[in-house]
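Dropping my_file30.csv in here (CSV, C-alpha atoms and all ligand atoms):
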chain,number,residue,atom,x,y,z
A,1,MET,CA,-44.7,37.4,28.5
A,2,VAL,CA,-41.3,38.9,29.4
A,3,LYS,CA,-41.5,37.5,32.9
A,4,LYS,CA,-42.5,34.1,31.5
A,5,CYS,CA,-39.5,34.1,29.1
A,6,LYS,CA,-37.2,35.2,31.9
A,7,GLN,CA,-38.3,32.3,34.0
A,8,MET,CA,-37.6,29.9,31.2
A,9,SER,CA,-34.2,31.3,30.4
A,10,ASP,CA,-32.4,29.1,32.8
A,11,THR,CA,-33.3,26.1,30.7
A,12,ARG,CA,-30.6,24.1,29.1
A,13,GLN,CA,-30.0,26.3,26.1
A,14,ALA,CA,-29.9,24.7,22.7
A,15,ASP,CA,-26.9,26.3,21.0
A,16,ILE,CA,-27.9,28.2,17.8
A,17,PRO,CA,-25.6,26.6,15.2
A,18,THR,CA,-22.5,28.4,14.2
A,19,ALA,CA,-21.3,28.3,10.7
A,20,VAL,CA,-19.0,25.4,11.5
A,21,GLN,CA,-21.8,23.4,13.2
A,22,GLN,CA,-24.1,24.2,10.4
A,23,ALA,CA,-21.7,22.8,7.8
A,24,HIS,CA,-22.1,19.2,9.0
A,25,LEU,CA,-25.9,19.4,8.7
A,26,ASP,CA,-26.5,17.9,5.3
A,27,THR,CA,-29.5,19.9,4.1
A,28,PRO,CA,-31.3,23.0,5.2
A,29,ARG,CA,-34.7,21.9,6.3
A,30,VAL,CA,-37.9,23.3,7.8
A,31,PHE,CA,-39.3,21.1,10.5
A,32,HIS,CA,-43.1,21.4,10.6
A,33,VAL,CA,-44.7,20.9,13.9
A,34,LEU,CA,-48.3,19.6,14.5
A,35,GLY,CA,-49.7,19.7,18.0
A,36,VAL,CA,-52.3,17.1,18.8
A,37,ALA,CA,-53.9,18.5,22.0
A,38,SER,CA,-56.0,15.6,23.0
A,39,CYS,CA,-55.9,13.2,25.9
A,40,VAL,CA,-59.1,11.2,25.4
A,41,GLY,CA,-57.0,8.1,24.7
A,42,ALA,CA,-55.7,8.1,28.3
A,43,SER,CA,-57.5,7.0,31.5
A,44,ASP,CA,-56.3,10.2,33.1
A,45,ARG,CA,-57.4,12.9,30.6
A,46,THR,CA,-55.1,15.8,31.5
A,47,CYS,CA,-52.3,15.6,29.0
A,48,GLN,CA,-54.0,17.8,26.3
A,49,GLU,CA,-52.0,20.8,27.6
A,50,GLY,CA,-48.7,19.3,26.5
A,51,PRO,CA,-48.5,20.9,23.1
A,52,GLU,CA,-49.3,24.4,24.4
A,53,ALA,CA,-46.7,24.1,27.1
A,54,LEU,CA,-44.0,23.2,24.6
A,55,ARG,CA,-45.1,25.9,22.2
A,56,ALA,CA,-44.9,28.5,24.9
A,57,LEU,CA,-41.3,27.5,25.6
A,58,LEU,CA,-40.5,27.7,21.9
A,59,LYS,CA,-42.0,31.2,21.6
A,60,CYS,CA,-39.6,32.3,24.3
A,61,GLN,CA,-36.6,30.4,22.9
A,62,PRO,CA,-37.3,29.8,19.2
A,63,LEU,CA,-35.5,27.0,17.4
A,64,PRO,CA,-34.4,28.0,13.9
A,65,ASP,CA,-35.9,25.8,11.2
A,66,LEU,CA,-38.8,24.8,13.4
A,67,ARG,CA,-42.3,26.1,12.4
A,68,TRP,CA,-45.3,25.3,14.5
A,69,VAL,CA,-48.0,25.0,11.9
A,70,THR,CA,-51.2,24.1,13.8
A,71,THR,CA,-52.6,22.3,16.8
A,72,LEU,CA,-55.5,19.9,16.3
A,73,ARG,CA,-58.0,19.1,19.1
A,74,ASP,CA,-60.5,16.3,19.6
A,75,PRO,CA,-64.2,17.2,19.3
A,76,GLN,CA,-64.5,17.6,23.0
A,77,ASP,CA,-68.0,16.4,22.8
A,78,VAL,CA,-69.4,14.9,26.0
A,79,ALA,CA,-71.9,12.9,23.9
A,80,MET,CA,-69.0,11.0,22.2
A,81,ASP,CA,-67.0,8.3,23.8
A,82,ALA,CA,-63.2,8.2,23.7
A,83,TYR,CA,-63.1,5.8,20.8
A,84,ALA,CA,-65.4,8.1,18.7
A,85,MET,CA,-63.2,11.1,19.5
A,86,VAL,CA,-60.0,9.3,18.6
A,87,ALA,CA,-61.6,8.0,15.4
A,88,ALA,CA,-62.6,11.6,14.5
A,89,LEU,CA,-59.2,13.0,15.2
A,90,ALA,CA,-56.9,10.4,13.8
A,91,PRO,CA,-57.8,10.9,10.1
A,92,ARG,CA,-57.0,14.6,10.5
A,93,VAL,CA,-53.6,13.9,11.9
A,94,ALA,CA,-53.0,11.3,9.2
A,95,GLN,CA,-54.0,13.7,6.4
A,96,GLN,CA,-51.4,16.2,7.7
A,97,THR,CA,-48.5,13.8,8.0
A,98,GLN,CA,-49.4,12.2,4.7
A,99,LEU,CA,-49.2,15.6,3.0
A,100,TRP,CA,-45.8,16.4,4.6
A,101,SER,CA,-44.4,13.0,4.0
A,102,ALA,CA,-45.5,13.1,0.3
A,103,HIS,CA,-43.7,16.4,-0.2
A,104,GLY,CA,-40.6,15.3,1.6
A,105,HIS,CA,-41.2,17.7,4.4
A,106,GLN,CA,-39.9,16.8,7.8
A,107,PHE,CA,-42.4,16.9,10.7
A,108,VAL,CA,-42.8,16.7,14.4
A,109,VAL,CA,-46.1,15.6,16.0
A,110,VAL,CA,-46.5,16.7,19.6
A,111,GLY,CA,-49.1,15.0,21.8
A,112,GLY,CA,-51.3,14.6,23.7
A,113,ASP,CA,-51.7,11.0,24.5
A,114,HIS,CA,-49.9,8.3,22.5
A,115,SER,CA,-53.1,7.4,20.5
A,116,CYS,CA,-52.0,10.2,18.2
A,117,ALA,CA,-49.6,7.7,16.7
A,118,ILE,CA,-52.4,5.9,14.9
A,119,GLY,CA,-52.9,9.0,12.8
A,120,THR,CA,-49.3,10.1,12.5
A,121,TRP,CA,-47.8,6.9,11.2
A,122,SER,CA,-50.9,5.8,9.2
A,123,GLY,CA,-50.6,9.0,7.3
A,124,VAL,CA,-46.9,8.4,6.5
A,125,ALA,CA,-47.5,4.8,5.5
A,126,ARG,CA,-50.2,6.1,3.1
A,127,SER,CA,-47.8,8.4,1.5
A,128,LEU,CA,-45.3,5.6,1.0
A,129,ARG,CA,-47.7,3.2,-0.7
A,130,GLY,CA,-46.2,1.7,-3.8
A,131,ARG,CA,-42.8,3.2,-2.9
A,132,GLY,CA,-41.5,1.1,-0.1
A,133,ALA,CA,-41.8,0.1,3.6
A,134,LEU,CA,-42.1,2.4,6.5
A,135,GLY,CA,-39.9,1.7,9.6
A,136,LEU,CA,-40.6,2.9,13.1
A,137,LEU,CA,-38.6,3.3,16.2
A,138,TRP,CA,-41.0,3.2,19.1
A,139,ILE,CA,-39.4,4.3,22.4
A,140,ASP,CA,-41.7,3.6,25.3
A,141,ALA,CA,-41.9,2.1,28.8
A,142,HIS,CA,-45.0,0.2,27.6
A,143,MET,CA,-45.9,-2.0,24.6
A,144,ASP,CA,-49.0,-0.1,23.5
A,145,ALA,CA,-50.1,-3.3,21.9
A,146,HIS,CA,-53.5,-4.1,23.4
A,147,THR,CA,-56.7,-4.5,21.6
A,148,PRO,CA,-60.1,-3.5,23.1
A,149,GLU,CA,-60.5,-7.2,23.9
A,150,THR,CA,-57.3,-7.5,26.0
A,151,SER,CA,-56.9,-4.0,27.5
A,152,PRO,CA,-57.5,-3.9,31.3
A,153,SER,CA,-58.2,-0.2,31.2
A,154,GLY,CA,-59.8,0.2,27.7
A,155,ALA,CA,-57.6,3.3,27.2
A,156,LEU,CA,-56.7,3.8,23.6
A,157,HIS,CA,-53.2,5.0,24.3
A,158,GLY,CA,-52.4,1.4,25.2
A,159,MET,CA,-53.4,0.3,21.7
A,160,PRO,CA,-51.8,2.3,18.9
A,161,LEU,CA,-48.9,0.0,18.1
A,162,ALA,CA,-51.4,-3.0,17.8
A,163,MET,CA,-53.5,-0.9,15.5
A,164,LEU,CA,-50.6,0.1,13.3
A,165,LEU,CA,-49.8,-3.6,13.1
A,166,GLY,CA,-53.3,-4.5,12.0
A,167,ALA,CA,-55.3,-5.4,15.1
A,168,GLY,CA,-58.1,-3.3,16.5
A,169,PRO,CA,-61.2,-1.4,15.4
A,170,PRO,CA,-61.4,-1.6,11.5
A,171,ASP,CA,-61.8,2.1,10.8
A,172,LEU,CA,-58.6,2.9,12.7
A,173,VAL,CA,-56.6,-0.1,11.5
A,174,ARG,CA,-57.3,0.8,7.8
A,175,LEU,CA,-56.4,4.5,8.0
A,176,ALA,CA,-53.1,3.8,6.1
A,177,GLY,CA,-55.0,2.4,3.1
A,178,THR,CA,-53.1,-0.9,3.6
A,179,ILE,CA,-53.4,-3.3,6.5
A,180,PRO,CA,-51.2,-3.4,8.4
A,181,ALA,CA,-49.7,0.1,8.2
A,182,LEU,CA,-46.4,-1.3,9.4
A,183,GLN,CA,-44.7,-4.6,8.8
A,184,PRO,CA,-43.7,-6.0,12.2
A,185,ARG,CA,-40.1,-6.6,11.2
A,186,HIS,CA,-39.7,-2.9,10.5
A,187,VAL,CA,-40.7,-1.9,14.0
A,188,TRP,CA,-38.2,-1.5,16.9
A,189,LEU,CA,-39.7,-1.2,20.3
A,190,ILE,CA,-37.1,0.1,22.8
A,191,GLY,CA,-37.1,0.7,26.6
A,192,VAL,CA,-40.0,-1.5,27.5
A,193,ARG,CA,-40.5,-2.4,31.2
A,194,SER,CA,-44.2,-2.5,31.9
A,195,TYR,CA,-46.6,-4.7,29.9
A,196,GLU,CA,-49.3,-7.4,29.9
A,197,ALA,CA,-48.7,-10.9,28.7
A,198,GLN,CA,-51.2,-10.6,25.8
A,199,GLU,CA,-49.3,-7.7,24.4
A,200,GLN,CA,-46.0,-9.4,24.7
A,201,GLN,CA,-47.4,-12.5,23.0
A,202,ARG,CA,-48.8,-10.5,20.1
A,203,LEU,CA,-45.6,-8.6,19.4
A,204,THR,CA,-43.4,-11.7,19.9
A,205,ASP,CA,-45.5,-13.8,17.6
A,206,LEU,CA,-45.5,-11.0,14.9
A,207,GLY,CA,-41.7,-10.7,15.1
A,208,VAL,CA,-41.4,-7.1,16.3
A,209,ASN,CA,-37.9,-6.2,17.4
A,210,ILE,CA,-38.2,-5.7,21.1
A,211,ARG,CA,-35.4,-4.3,23.2
A,212,TYR,CA,-36.4,-4.4,26.9
A,213,MET,CA,-35.1,-1.9,29.4
A,214,THR,CA,-32.9,-4.6,31.0
A,215,GLU,CA,-31.0,-4.9,27.7
A,216,VAL,CA,-30.8,-1.1,27.3
A,217,LYS,CA,-29.1,-1.1,30.7
A,218,THR,CA,-26.6,-3.7,29.9
A,219,ARG,CA,-25.7,-2.7,26.3
A,220,GLY,CA,-26.5,1.0,26.4
A,221,LEU,CA,-29.1,2.9,24.5
A,222,ALA,CA,-26.6,4.1,21.9
A,223,ALA,CA,-25.7,0.6,20.8
A,224,ILE,CA,-29.3,-0.5,20.5
A,225,ILE,CA,-30.4,2.6,18.6
A,226,ALA,CA,-27.4,2.1,16.3
A,227,GLU,CA,-28.5,-1.5,15.7
A,228,ALA,CA,-32.0,-0.4,14.9
A,229,LEU,CA,-31.0,2.4,12.6
A,230,ALA,CA,-28.6,0.1,10.7
A,231,ASP,CA,-31.6,-2.2,10.1
A,232,LEU,CA,-34.1,0.5,9.2
A,233,GLN,CA,-31.6,2.3,6.8
A,234,ARG,CA,-31.0,-0.9,4.9
A,235,ASN,CA,-34.5,-2.4,4.9
A,236,THR,CA,-37.0,0.5,4.7
A,237,GLU,CA,-37.8,3.3,2.3
A,238,ALA,CA,-38.2,5.8,5.2
A,239,PHE,CA,-38.5,5.7,8.9
A,240,GLY,CA,-39.6,7.7,11.9
A,241,VAL,CA,-39.3,7.9,15.6
A,242,SER,CA,-42.1,7.9,18.2
A,243,VAL,CA,-41.0,8.9,21.7
A,244,ASP,CA,-43.4,8.3,24.6
A,245,LEU,CA,-41.9,10.4,27.3
A,246,ASP,CA,-42.6,7.7,29.9
A,247,ALA,CA,-39.8,5.7,28.3
A,248,LEU,CA,-37.5,8.1,30.2
A,249,ASP,CA,-36.8,7.7,33.9
A,250,PRO,CA,-39.4,9.6,35.9
A,251,VAL,CA,-36.4,11.4,37.6
A,252,ASP,CA,-35.7,13.1,34.2
A,253,ALA,CA,-39.3,13.2,32.9
A,254,PRO,CA,-41.8,13.4,35.8
A,255,GLY,CA,-44.5,15.1,33.6
A,256,VAL,CA,-46.2,12.0,32.2
A,257,GLY,CA,-49.4,10.2,33.0
A,258,SER,CA,-47.9,6.7,33.4
A,259,PRO,CA,-44.4,7.0,34.9
A,260,GLU,CA,-42.4,3.8,35.2
A,261,PRO,CA,-39.2,3.7,37.3
A,262,GLY,CA,-35.9,2.5,35.9
A,263,GLY,CA,-36.1,4.2,32.5
A,264,ILE,CA,-33.8,5.7,29.9
A,265,THR,CA,-31.8,8.8,31.0
A,266,ALA,CA,-32.4,12.1,29.2
A,267,ASP,CA,-28.8,12.5,28.3
A,268,ALA,CA,-28.7,9.0,26.7
A,269,LEU,CA,-31.8,9.7,24.6
A,270,LEU,CA,-30.6,13.2,23.5
A,271,ALA,CA,-27.2,11.8,22.5
A,272,ALA,CA,-28.7,8.8,20.6
A,273,LEU,CA,-31.1,10.9,18.6
A,274,HIS,CA,-28.8,13.9,18.0
A,275,GLY,CA,-29.1,15.1,14.4
A,276,LEU,CA,-31.3,12.2,13.3
A,277,GLY,CA,-33.9,14.6,11.9
A,278,ARG,CA,-31.4,15.6,9.2
A,279,HIS,CA,-31.1,12.0,8.0
A,280,ALA,CA,-32.2,11.6,4.4
A,281,GLN,CA,-34.5,8.6,5.1
A,282,VAL,CA,-36.1,10.1,8.3
A,283,VAL,CA,-39.6,11.4,7.9
A,284,GLY,CA,-40.5,12.7,11.3
A,285,LEU,CA,-40.5,12.6,15.1
A,286,GLU,CA,-43.4,12.1,17.5
A,287,ILE,CA,-43.3,13.2,21.1
A,288,ALA,CA,-46.2,11.9,23.2
A,289,GLU,CA,-47.6,11.9,26.7
A,290,LEU,CA,-46.2,15.3,27.8
A,291,ASN,CA,-48.3,16.3,30.8
A,292,PRO,CA,-47.5,19.7,32.3
A,293,ARG,CA,-49.8,19.1,35.3
A,294,TYR,CA,-47.4,16.4,36.6
A,295,ASP,CA,-44.3,18.2,35.7
A,296,LEU,CA,-41.8,19.5,38.2
A,297,HIS,CA,-40.1,22.8,37.6
A,298,GLN,CA,-40.8,22.4,33.8
A,299,LYS,CA,-38.3,19.6,33.7
A,300,THR,CA,-40.3,17.5,31.2
A,301,VAL,CA,-41.3,20.3,28.9
A,302,ARG,CA,-37.7,21.4,28.8
A,303,LEU,CA,-36.6,17.9,28.0
A,304,ALA,CA,-39.1,17.9,25.1
A,305,TYR,CA,-37.6,21.1,24.0
A,306,ASP,CA,-34.1,19.7,24.2
A,307,LEU,CA,-35.3,16.7,22.3
A,308,LEU,CA,-36.5,18.9,19.5
A,309,ALA,CA,-33.2,20.7,19.5
A,310,ALA,CA,-31.2,17.5,19.5
A,311,TRP,CA,-33.3,16.0,16.7
A,312,ILE,CA,-32.6,19.0,14.5
A,313,GLY,CA,-29.0,18.7,15.3
A,314,TYR,CA,-28.5,21.8,17.5
A,315,GLY,CA,-26.6,21.8,20.8
A,316,HIS,CA,-23.9,19.4,21.5
A,317,PRO,CA,-24.4,15.6,21.7
A,318,ARG,CA,-24.2,14.4,25.2
A,319,THR,CA,-22.3,11.2,25.7
A,401,MN,MN,-46.9,4.9,24.7

In structure tokens, write the structure found in this file.
Amino acid sequence: MVKKCKQMSDTRQADIPTAVQQAHLDTPRVFHVLGVASCVGASDRTCQEGPEALRALLKCQPLPDLRWVTTLRDPQDVAMDAYAMVAALAPRVAQQTQLWSAHGHQFVVVGGDHSCAIGTWSGVARSLRGRGALGLLWIDAHMDAHTPETSPSGALHGMPLAMLLGAGPPDLVRLAGTIPALQPRHVWLIGVRSYEAQEQQRLTDLGVNIRYMTEVKTRGLAAIIAEALADLQRNTEAFGVSVDLDALDPVDAPGVGSPEPGGITADALLAALHGLGRHAQVVGLEIAELNPRYDLHQKTVRLAYDLLAAWIGYGHPRT
């Protein structure tokens, strides 16, 4: 253990807040972490080790205010197909985020493949029923907006956004208790650069706010996130952020299952999300698709760690 921690000690250290830094953080909060160690939603089923890799790093370099509560796993039953396993796991994820959201507790969900988002945000939407709309910032290289009918691969991690918007297998679509879980106008999809025509058609027809990578490059991520946050603050009761690590450039985040060149830089993302976890309307963060098997020198798991630190408001914003 000591050796392991020593190896990790050259990671970019999140500064533990000084009294001065702490002063600008509006409320003391505990951030509850839920691992979702499942990769059955992906074609390449090796990303279930993501949560444990991040947890190991956090054990060596704890972040104050962060509490890893539990890690859920899929049934790992060879007799079940991927859909059945996701359908078994998603309600458990939803139950947990619903509980945290209902009690005003901040959370972080760490995947696993991005199909965890079906449970994460359905649970939050369920907790908000009758109170107001849920907004979501979805940062991803892909649209994740297929249905089983349009998906070339059939992989469920290519479908969670469509399901949250009301299209897909009924038992997953209705997890939030209302259909759809999310109103399209309250969804911001940022960093997209790889998608199929049917997904684009679906999201465009629905009126989802899409900011392609080409626009991120011309306007800058900070300006686009600021635009999205201004909208979500004004027009939703609460909102969250789902980060698929493949949104980042593979140079900065090689440890993902579906890398796409030409992505967001780590520094830009960390700066744009710095301190957002302390925002009064923010319910939680999701980090998906971390795959230690494809990582290089722990670059991606360290980035996930830095993302947690930035989210909480530690360290210095990078500009
Ligand atoms: Mn995704």

Counting all atoms listed in the file, give me one row per residue of chain A with an atom at most 6 Å from an atom of ligand MN 401 (chain A), showing the shortest contact pair and its distance in Å to one decimal, sorted by chain then residue number, as JSON lines.
{"residue": "A:His114", "atom": "CA", "partner": "A:MN401", "partner_atom": "MN", "distance": 5.0}
{"residue": "A:Asp140", "atom": "CA", "partner": "A:MN401", "partner_atom": "MN", "distance": 5.4}
{"residue": "A:His142", "atom": "CA", "partner": "A:MN401", "partner_atom": "MN", "distance": 5.8}
{"residue": "A:Asp144", "atom": "CA", "partner": "A:MN401", "partner_atom": "MN", "distance": 5.6}
{"residue": "A:Asp244", "atom": "CA", "partner": "A:MN401", "partner_atom": "MN", "distance": 4.9}

(message) Taking 5 positions as the minimum chain separation for residues in the same chain, which residues sit within 7 Å of Leu164 of chain A when counting all atoms listed in the file? Answer as number ranges by chain.
(response) A: 118, 173, 180-182

(request) Give the answer as one residue: which of A:Ala253, A:Ala309, A:Val86, A:Ala280 has the shortest atom-to-atom distance to Arg73 of chain A, using all atoms listed in the file? (result)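 Checking each candidate against Arg73 of chain A, we get A:Val86 as the closest.
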
(request) List the residues sitting within 9 Å of (-52.7, -11.8, 20.3) in the file's frame, using all atoms listed in the file, as a PyMOL selection string. (result) chain A and resi 146-147+150+167+198-203+205

Can you pull out the residues contacting Tyr83 of chain A? Cut-off 9 Å, using only C-alpha atoms, and skip same-chain residues under 3 positions away; I want them as a PDB file with C-alpha atoms, in the coordinates of the input.
ATOM      1  CA  VAL A  40     -59.100  11.200  25.400  1.00  0.00           C
ATOM      2  CA  GLY A  41     -57.000   8.100  24.700  1.00  0.00           C
ATOM      3  CA  MET A  80     -69.000  11.000  22.200  1.00  0.00           C
ATOM      4  CA  VAL A  86     -60.000   9.300  18.600  1.00  0.00           C
ATOM      5  CA  ALA A  87     -61.600   8.000  15.400  1.00  0.00           C
ATOM      6  CA  ALA A  88     -62.600  11.600  14.500  1.00  0.00           C
ATOM      7  CA  ALA A 155     -57.600   3.300  27.200  1.00  0.00           C
ATOM      8  CA  LEU A 156     -56.700   3.800  23.600  1.00  0.00           C
TER       9      LEU A 156
END

(message) Let me make sure I understand: among A:Lys59, A:Arg29, A:Lys217, A:His157, which one has the smallest atom-to-atom distance to Ile264 of chain A if we use only C-alpha atoms?
(response)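 Closest residue, counting only C-alpha atoms: A:Lys217.
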
(message) I need every residue sitting at most 10 Å from the point (-51.2, 15.7, 25.2) (coordinates as in the file, all atoms listed in the file considered), written as a PyMOL selection string.
(response) chain A and resi 35-42+45-53+73+110-116+256-257+287-292

(request) Find, counting only C-alpha atoms, the residue in A:Arg293, A:Arg234, A:Arg131, A:Lys299 that gets nearest to Asp44 of chain A. (result)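 Of all the options, A:Arg293 lies closest to Asp44 of chain A.
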
(request) Considering only C-alpha atoms, state which residue in the set A:Phe31, A:Trp138, A:Tyr314, A:Phe239 is at the smallest distance from Leu270 of chain A. (result)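 The closest residue to Leu270 of chain A is A:Tyr314.
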
(request) Take atom CA of Ile139 of chain A and atom CA of Gly191 of chain A and report the distance between them in Å, one decimal. (result)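 Separation between atom CA of Ile139 of chain A and atom CA of Gly191 of chain A: 6.0 Å.
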